[in-house]
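Here is the structure we will look at, set down as structure tokens.
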Amino acid sequence: MLARVPKFFRNFYFLTGLAFLAWMFFFDSNDFITQYQTSRKLTILEEERDYYLEKIAEVQKDRKELMSNPELLEKFAREKYLMKKPTEELYLIVEKEGEE
């Protein structure tokens with residue numbers, strides 16, 4: 001039976017190389033499956049980074065706009081943080097869910 005296997009496949013170096021490749025493909029801590037998963041995670045994180053960089057630029061633009069326009073800043077403070085002038089009364093109208 002061993003005689004049917006070509007001599008090249010019985011070579012010590014071929015068997016050692018095959019064992020090394022099997023080890024690297026399946027058993028090593030840096031096998032190809034782990035490398036693929038790490039690469040995929042890196043791609044996802046880079047996409048998230050790009051998204052957050054866009055959001056940061058948008059927020060900085062809005063901040064610059066707010067700081068340069070006092071009327072817009074006052075409107076933003078009144079709507080977002082419910083701020084008022086000392087002489088004003090503030091009434092909040094809260095709609096109940098389910099009512100139209």
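As shown in the structure tokens, the chain order sets the letters A, B, ...; within each chain, residues go from 1, and ligands are also counted from 1 in the order they appear.
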
Apply DSSP to the backbone of this structure and, from range 2-100 of chain A, keep only the residues in alpha helix (DSSP H); write these as a VMD selection string. chain A and resid 12 to 22 32 to 68 70 to 81

Surrounding residues of range 31-40 of chain A excluding itself and chain neighbours under 6 positions, 12 Å, only C-alpha atoms, as number ranges by chain: A: 20-25, 46-47

With N, CA, C and O atoms retained, could you export that selection as a PDB file, in the first residue's frame?
ATOM      1  N   PHE A  20       3.388  21.575   8.943  1.00  0.00           N
ATOM      2  CA  PHE A  20       3.513  22.996   9.289  1.00  0.00           C
ATOM      3  C   PHE A  20       2.315  23.793   8.769  1.00  0.00           C
ATOM      4  O   PHE A  20       1.742  24.624   9.483  1.00  0.00           O
ATOM      5  N   LEU A  21       1.938  23.560   7.514  1.00  0.00           N
ATOM      6  CA  LEU A  21       0.783  24.264   6.947  1.00  0.00           C
ATOM      7  C   LEU A  21      -0.514  23.931   7.693  1.00  0.00           C
ATOM      8  O   LEU A  21      -1.341  24.811   7.957  1.00  0.00           O
ATOM      9  N   ALA A  22      -0.690  22.660   8.047  1.00  0.00           N
ATOM     10  CA  ALA A  22      -1.876  22.262   8.810  1.00  0.00           C
ATOM     11  C   ALA A  22      -1.888  22.980  10.159  1.00  0.00           C
ATOM     12  O   ALA A  22      -2.941  23.467  10.611  1.00  0.00           O
ATOM     13  N   TRP A  23      -0.729  23.027  10.790  1.00  0.00           N
ATOM     14  CA  TRP A  23      -0.637  23.731  12.074  1.00  0.00           C
ATOM     15  C   TRP A  23      -0.993  25.208  11.912  1.00  0.00           C
ATOM     16  O   TRP A  23      -1.775  25.766  12.687  1.00  0.00           O
ATOM     17  N   MET A  24      -0.469  25.869  10.899  1.00  0.00           N
ATOM     18  CA  MET A  24      -0.716  27.295  10.688  1.00  0.00           C
ATOM     19  C   MET A  24      -2.170  27.579  10.292  1.00  0.00           C
ATOM     20  O   MET A  24      -2.730  28.606  10.654  1.00  0.00           O
ATOM     21  N   PHE A  25      -2.783  26.674   9.537  1.00  0.00           N
ATOM     22  CA  PHE A  25      -4.160  26.885   9.095  1.00  0.00           C
ATOM     23  C   PHE A  25      -5.179  26.666  10.214  1.00  0.00           C
ATOM     24  O   PHE A  25      -6.194  27.354  10.272  1.00  0.00           O
ATOM     25  N   GLU A  46     -13.416  50.685  11.633  1.00  0.00           N
ATOM     26  CA  GLU A  46     -13.056  51.822  10.772  1.00  0.00           C
ATOM     27  C   GLU A  46     -14.304  52.523  10.251  1.00  0.00           C
ATOM     28  O   GLU A  46     -14.344  53.757  10.169  1.00  0.00           O
ATOM     29  N   GLU A  47     -15.350  51.758   9.921  1.00  0.00           N
ATOM     30  CA  GLU A  47     -16.610  52.362   9.479  1.00  0.00           C
ATOM     31  C   GLU A  47     -17.236  53.180  10.600  1.00  0.00           C
ATOM     32  O   GLU A  47     -17.751  54.279  10.377  1.00  0.00           O
TER      33      GLU A  47
END

One decimal, in Å: what's the spacing between CA of Ser68 in chain A and CA of Leu90 in chain A?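 CA of Leu90 in chain A lies at a distance of 26.2 Å from CA of Ser68 in chain A.
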
Distance criterion (only C-alpha atoms): nearest to Asp62 in chain A out of A:Phe76, A:Val5, A:Glu88, A:Asp50: A:Phe76
